[in-house]
file model_15.txt (compact mmCIF, C-alpha atoms)
# COMPACT_ATOMS: atom_id res chain seq x y z
CA MET A 1 19.19 -2.00 17.79
CA ALA A 2 15.60 -1.23 17.01
CA ARG A 3 13.08 -2.28 14.46
CA VAL A 4 11.39 0.34 12.34
CA VAL A 5 8.33 -0.67 10.37
CA VAL A 6 7.38 1.07 7.15
CA ASP A 7 3.89 0.30 5.87
CA VAL A 8 3.25 1.15 2.23
CA MET A 9 -0.35 1.17 1.02
CA LEU A 10 -1.93 2.32 -2.21
CA LYS A 11 -3.63 5.69 -1.79
CA PRO A 12 -7.36 5.36 -1.11
CA GLU A 13 -8.26 6.77 -4.54
CA ILE A 14 -6.10 4.24 -6.38
CA LEU A 15 -7.76 1.00 -7.49
CA ASP A 16 -6.34 -2.05 -5.69
CA PRO A 17 -6.97 -5.14 -7.85
CA GLN A 18 -5.07 -7.45 -5.48
CA GLY A 19 -7.21 -6.39 -2.54
CA GLN A 20 -10.36 -6.65 -4.64
CA ALA A 21 -9.46 -10.17 -5.70
CA VAL A 22 -9.07 -11.16 -2.05
CA GLN A 23 -12.32 -9.44 -1.10
CA ARG A 24 -14.28 -11.14 -3.86
CA ALA A 25 -12.89 -14.54 -2.93
CA LEU A 26 -13.92 -14.30 0.72
CA PRO A 27 -17.67 -15.08 0.41
CA ARG A 28 -16.86 -18.09 -1.77
CA LEU A 29 -14.58 -19.32 1.00
CA GLY A 30 -17.26 -18.82 3.64
CA PHE A 31 -16.11 -15.51 5.10
CA ASP A 32 -18.80 -12.84 5.10
CA GLY A 33 -19.01 -9.39 6.62
CA ILE A 34 -15.84 -7.96 5.15
CA SER A 35 -16.71 -5.05 2.92
CA ASP A 36 -13.30 -4.07 1.64
CA VAL A 37 -9.74 -5.38 1.50
CA ARG A 38 -6.64 -3.39 0.62
CA GLN A 39 -3.30 -5.07 0.21
CA GLY A 40 0.00 -3.33 0.76
CA LYS A 41 3.58 -3.90 1.73
CA ARG A 42 5.26 -3.99 5.09
CA PHE A 43 8.99 -3.44 5.48
CA GLU A 44 10.80 -4.27 8.71
CA LEU A 45 14.11 -2.42 8.96
CA GLU A 46 16.65 -3.38 11.62
CA VAL A 47 18.40 -0.15 12.48
CA ASP A 48 21.87 -0.11 14.02
CA GLY A 49 22.25 2.41 16.79
CA PRO A 50 19.63 4.65 18.31
CA VAL A 51 16.49 5.60 16.45
CA ASP A 52 16.63 9.32 17.02
CA GLU A 53 15.21 12.22 15.05
CA ALA A 54 18.05 12.06 12.52
CA ALA A 55 17.65 8.33 11.94
CA LEU A 56 13.90 8.71 11.48
CA ALA A 57 14.45 11.57 9.05
CA ARG A 58 16.77 9.33 7.02
CA ILE A 59 14.24 6.51 7.06
CA HIS A 60 11.57 8.95 5.94
CA ASP A 61 13.75 9.92 2.94
CA LEU A 62 14.44 6.27 2.24
CA ALA A 63 10.74 5.34 2.33
CA GLU A 64 9.79 8.31 0.20
CA SER A 65 12.45 7.79 -2.44
CA PHE A 66 12.79 4.06 -2.52
CA LEU A 67 10.21 1.94 -0.67
CA ALA A 68 7.09 3.76 -1.76
CA ASN A 69 5.98 5.26 -5.04
CA THR A 70 4.47 8.40 -3.58
CA VAL A 71 2.50 9.15 -6.74
CA ILE A 72 0.21 6.24 -5.96
CA GLU A 73 1.21 5.09 -2.47
CA ASP A 74 1.14 6.42 1.08
CA PHE A 75 3.53 5.23 3.75
CA THR A 76 3.68 5.30 7.51
CA ILE A 77 6.72 4.81 9.71
CA ARG A 78 6.68 3.55 13.27
CA VAL A 79 9.29 2.35 15.70
CA GLU A 80 8.97 -1.06 17.29
CA GLU A 81 11.70 -1.37 19.87
CA VAL A 82 13.16 -4.84 19.85
CA ALA A 83 13.16 -6.36 23.33
CA GLU A 84 16.75 -7.47 23.14
CA ALA A 85 18.36 -4.82 25.32
CA ALA A 86 19.99 -7.58 27.36
CA LYS A 87 21.90 -8.82 24.33
CA MET B 1 -17.26 -0.56 11.03
CA ALA B 2 -13.69 -1.22 12.04
CA ARG B 3 -10.46 -1.87 10.30
CA VAL B 4 -8.55 -5.02 11.08
CA VAL B 5 -4.94 -5.24 9.91
CA VAL B 6 -3.33 -8.57 9.13
CA ASP B 7 0.45 -8.47 8.74
CA VAL B 8 2.00 -11.44 6.99
CA MET B 9 5.77 -11.86 7.18
CA LEU B 10 8.08 -14.68 6.19
CA LYS B 11 9.18 -16.69 9.20
CA PRO B 12 12.59 -15.58 10.53
CA GLU B 13 14.26 -18.79 9.37
CA ILE B 14 13.02 -18.39 5.78
CA LEU B 15 15.27 -16.56 3.35
CA ASP B 16 13.75 -13.28 2.14
CA PRO B 17 15.32 -12.37 -1.22
CA GLN B 18 13.08 -9.31 -1.66
CA GLY B 19 14.16 -7.88 1.67
CA GLN B 20 17.79 -8.74 0.95
CA ALA B 21 17.62 -6.94 -2.38
CA VAL B 22 16.33 -3.84 -0.65
CA GLN B 23 18.96 -4.10 2.08
CA ARG B 24 21.80 -4.46 -0.42
CA ALA B 25 20.59 -1.50 -2.43
CA LEU B 26 20.51 0.89 0.56
CA PRO B 27 24.25 1.68 0.86
CA ARG B 28 24.43 2.35 -2.88
CA LEU B 29 21.61 4.85 -2.42
CA GLY B 30 23.35 6.52 0.48
CA PHE B 31 21.50 4.94 3.37
CA ASP B 32 23.75 3.28 5.91
CA GLY B 33 23.13 1.77 9.31
CA ILE B 34 20.35 -0.62 8.36
CA SER B 35 21.50 -4.15 9.02
CA ASP B 36 18.50 -6.12 7.83
CA VAL B 37 15.31 -5.65 5.84
CA ARG B 38 12.39 -8.05 5.69
CA GLN B 39 9.50 -7.45 3.32
CA GLY B 40 6.01 -8.76 3.90
CA LYS B 41 2.39 -8.09 3.18
CA ARG B 42 -0.16 -5.97 4.95
CA PHE B 43 -3.88 -6.53 4.51
CA GLU B 44 -6.43 -3.98 5.67
CA LEU B 45 -9.86 -5.55 6.14
CA GLU B 46 -12.92 -3.35 6.60
CA VAL B 47 -15.20 -5.35 8.85
CA ASP B 48 -18.95 -4.73 8.95
CA GLY B 49 -20.38 -4.76 12.43
CA PRO B 50 -18.58 -5.12 15.71
CA VAL B 51 -15.17 -6.70 15.94
CA ASP B 52 -15.88 -9.09 18.79
CA GLU B 53 -14.29 -12.38 19.77
CA ALA B 54 -16.25 -14.27 17.13
CA ALA B 55 -15.29 -11.87 14.36
CA LEU B 56 -11.63 -12.03 15.35
CA ALA B 57 -11.77 -15.82 15.42
CA ARG B 58 -13.17 -15.79 11.88
CA ILE B 59 -10.46 -13.40 10.74
CA HIS B 60 -7.87 -15.64 12.36
CA ASP B 61 -9.20 -18.60 10.32
CA LEU B 62 -9.23 -16.47 7.20
CA ALA B 63 -5.65 -15.30 7.69
CA GLU B 64 -4.47 -18.81 8.49
CA SER B 65 -6.18 -20.49 5.55
CA PHE B 66 -6.07 -17.83 2.92
CA LEU B 67 -3.91 -14.75 3.52
CA ALA B 68 -0.82 -16.48 4.88
CA ASN B 69 1.02 -19.64 3.94
CA THR B 70 1.66 -20.81 7.46
CA VAL B 71 4.35 -23.23 6.36
CA ILE B 72 6.66 -20.33 5.61
CA GLU B 73 4.83 -17.26 6.95
CA ASP B 74 3.74 -15.86 10.31
CA PHE B 75 0.83 -13.48 10.66
CA THR B 76 -0.39 -11.02 13.27
CA ILE B 77 -3.85 -9.53 13.59
CA ARG B 78 -4.69 -6.23 15.20
CA VAL B 79 -7.73 -4.02 15.33
CA GLU B 80 -7.49 -0.40 14.23
CA GLU B 81 -10.81 1.25 15.00
CA VAL B 82 -11.78 3.61 12.23
CA ALA B 83 -12.60 7.06 13.58
CA GLU B 84 -15.79 7.40 11.61
CA ALA B 85 -18.33 6.72 14.35
CA ALA B 86 -20.10 9.93 13.39
CA LYS B 87 -20.82 8.65 9.90

call {"tool": "encode", "arguments": {"input": "model_15.txt", "output": "structure tokens"}}
result
Amino acid sequence: MARVVVDVMLKPEILDPQGQAVQRALPRLGFDGISDVRQGKRFELEVDGPVDEAALARIHDLAESFLANTVIEDFTIRVEEVAEAAK
Amino acid sequence: MARVVVDVMLKPEILDPQGQAVQRALPRLGFDGISDVRQGKRFELEVDGPVDEAALARIHDLAESFLANTVIEDFTIRVEEVAEAAK
């Protein structure tokens, strides 16, 4: 059992009003020195069985077709092994 | 200039209907072998100046008070140096 994380962010050239709203609110709240904020989504998938090439290829398809809108969003996939091997 | 990533996820004991909706849709779409999905938020903050202890402490306050609802959400902070030192 392993955890695979898929991060979905708007492409850099796409306007991000959510992130802008956060960024504009920061000085009002006393936080300076942050020049840009982008907000995206993070999916944590618990994968049964080994995370091999085939499983990652399937997750890539899944992210591309279902988790992200690749017209306006980029995604990255990374494996975070869950430290529960003793289970 | 560095990028700091704040990941905000619902606490494990909090029900995640968004993640559940994704998880339930996967078999219908032909993706098996994924036993759980949790969906959260990812914030990318572009920080002016060095990301030292003080800056990270400020970002911790910011995440705690503003980006996450710590009653129901956990957050993690990590630094991703932006490879634009030559700029």

call {"tool": "closest_residue", "arguments": {"input": "model_15.txt", "among": "A:Glu81, A:Val8, A:Ala2, A:Ala68", "to": "B:Arg42", "atoms": "all atoms listed in the file"}}
result
A:Val8

call {"tool": "residues_around", "arguments": {"input": "model_15.txt", "residues": "A:Ile14", "least_positions_apart": "2", "cutoff": "9 Å", "atoms": "only C-alpha atoms", "output": "list in words"}}
result
Leu10, Lys11, Pro12, Asp16, Ile72 and Glu73 of chain A

call {"tool": "interface_residues", "arguments": {"input": "model_15.txt", "of": "chain A", "to": "chain B", "cutoff": "7 Å", "atoms": "only C-alpha atoms", "output": "PyMOL selection string"}}
result
chain A and resi 33-48

call {"tool": "atom_distance", "arguments": {"input": "model_15.txt", "atom1": "atom CA of B:Val71", "atom2": "atom CA of B:Ala57"}}
result
19.9 Å

call {"tool": "axis_aligned_box", "arguments": {"input": "model_15.txt", "around": "stretch 12-19 of chain A", "padding_each_side": "5 Å", "output": "AutoDock Vina command-line options"}}
result
--center_x -6.7 --center_y -0.3 --center_z -4.5 --size_x 13.2 --size_y 24.2 --size_z 16.7

call {"tool": "atom_distance", "arguments": {"input": "model_15.txt", "atom1": "atom CA of A:Asp52", "atom2": "atom CA of A:Arg78"}}
result
12.1 Å

call {"tool": "atom_distance", "arguments": {"input": "model_15.txt", "atom1": "atom CA of B:Ala63", "atom2": "atom CA of A:Arg28"}}
result
14.9 Å

call {"tool": "closest_residue", "arguments": {"input": "model_15.txt", "among": "B:Ile77, B:Arg24, B:Glu13, B:Gln18", "to": "B:Glu64", "atoms": "only C-alpha atoms"}}
result
B:Ile77

call {"tool": "decode", "arguments": {"input": "model_15.txt", "residues": "stretch 25-41 of chain B", "atoms": "N, CA and C atoms", "output": "CSV table (one decimal), in the first residue's frame"}}
result
chain,number,residue,atom,x,y,z
B,25,ALA,N,-16.0,7.3,-8.3
B,25,ALA,CA,-16.1,7.4,-9.8
B,25,ALA,C,-15.1,6.6,-10.5
B,26,LEU,N,-14.0,6.3,-9.8
B,26,LEU,CA,-12.8,5.7,-10.5
B,26,LEU,C,-13.1,4.3,-11.2
B,27,PRO,N,-13.8,3.4,-10.4
B,27,PRO,CA,-14.1,2.1,-11.1
B,27,PRO,C,-15.0,2.3,-12.3
B,28,ARG,N,-15.9,3.1,-12.2
B,28,ARG,CA,-16.8,3.4,-13.4
B,28,ARG,C,-16.0,3.8,-14.6
B,29,LEU,N,-14.9,4.6,-14.3
B,29,LEU,CA,-14.1,5.1,-15.4
B,29,LEU,C,-13.0,4.1,-15.8
B,30,GLY,N,-13.0,3.0,-15.2
B,30,GLY,CA,-12.0,1.9,-15.6
B,30,GLY,C,-10.7,1.9,-14.8
B,31,PHE,N,-10.7,2.7,-13.6
B,31,PHE,CA,-9.5,2.7,-12.8
B,31,PHE,C,-9.7,1.9,-11.5
B,32,ASP,N,-9.1,0.8,-11.4
B,32,ASP,CA,-9.3,0.0,-10.2
B,32,ASP,C,-8.0,0.1,-9.3
B,33,GLY,N,-8.1,-0.5,-8.1
B,33,GLY,CA,-7.0,-0.6,-7.3
B,33,GLY,C,-6.6,0.6,-6.5
B,34,ILE,N,-7.5,1.6,-6.4
B,34,ILE,CA,-7.3,2.8,-5.6
B,34,ILE,C,-8.3,2.8,-4.5
B,35,SER,N,-7.9,2.6,-3.2
B,35,SER,CA,-8.8,2.3,-2.1
B,35,SER,C,-9.3,3.5,-1.4
B,36,ASP,N,-8.6,4.6,-1.6
B,36,ASP,CA,-9.0,5.9,-1.0
B,36,ASP,C,-8.5,7.1,-1.7
B,37,VAL,N,-9.3,8.1,-1.7
B,37,VAL,CA,-8.8,9.4,-2.3
B,37,VAL,C,-9.2,10.5,-1.3
B,38,ARG,N,-8.2,11.4,-1.0
B,38,ARG,CA,-8.5,12.5,-0.2
B,38,ARG,C,-8.1,13.7,-1.1
B,39,GLN,N,-8.9,14.8,-1.1
B,39,GLN,CA,-8.7,16.0,-1.9
B,39,GLN,C,-8.4,17.1,-0.9
B,40,GLY,N,-7.3,17.9,-1.2
B,40,GLY,CA,-7.0,19.0,-0.4
B,40,GLY,C,-6.6,20.2,-1.3
B,41,LYS,N,-6.0,21.2,-0.7
B,41,LYS,CA,-5.5,22.4,-1.4
B,41,LYS,C,-4.0,22.5,-1.3
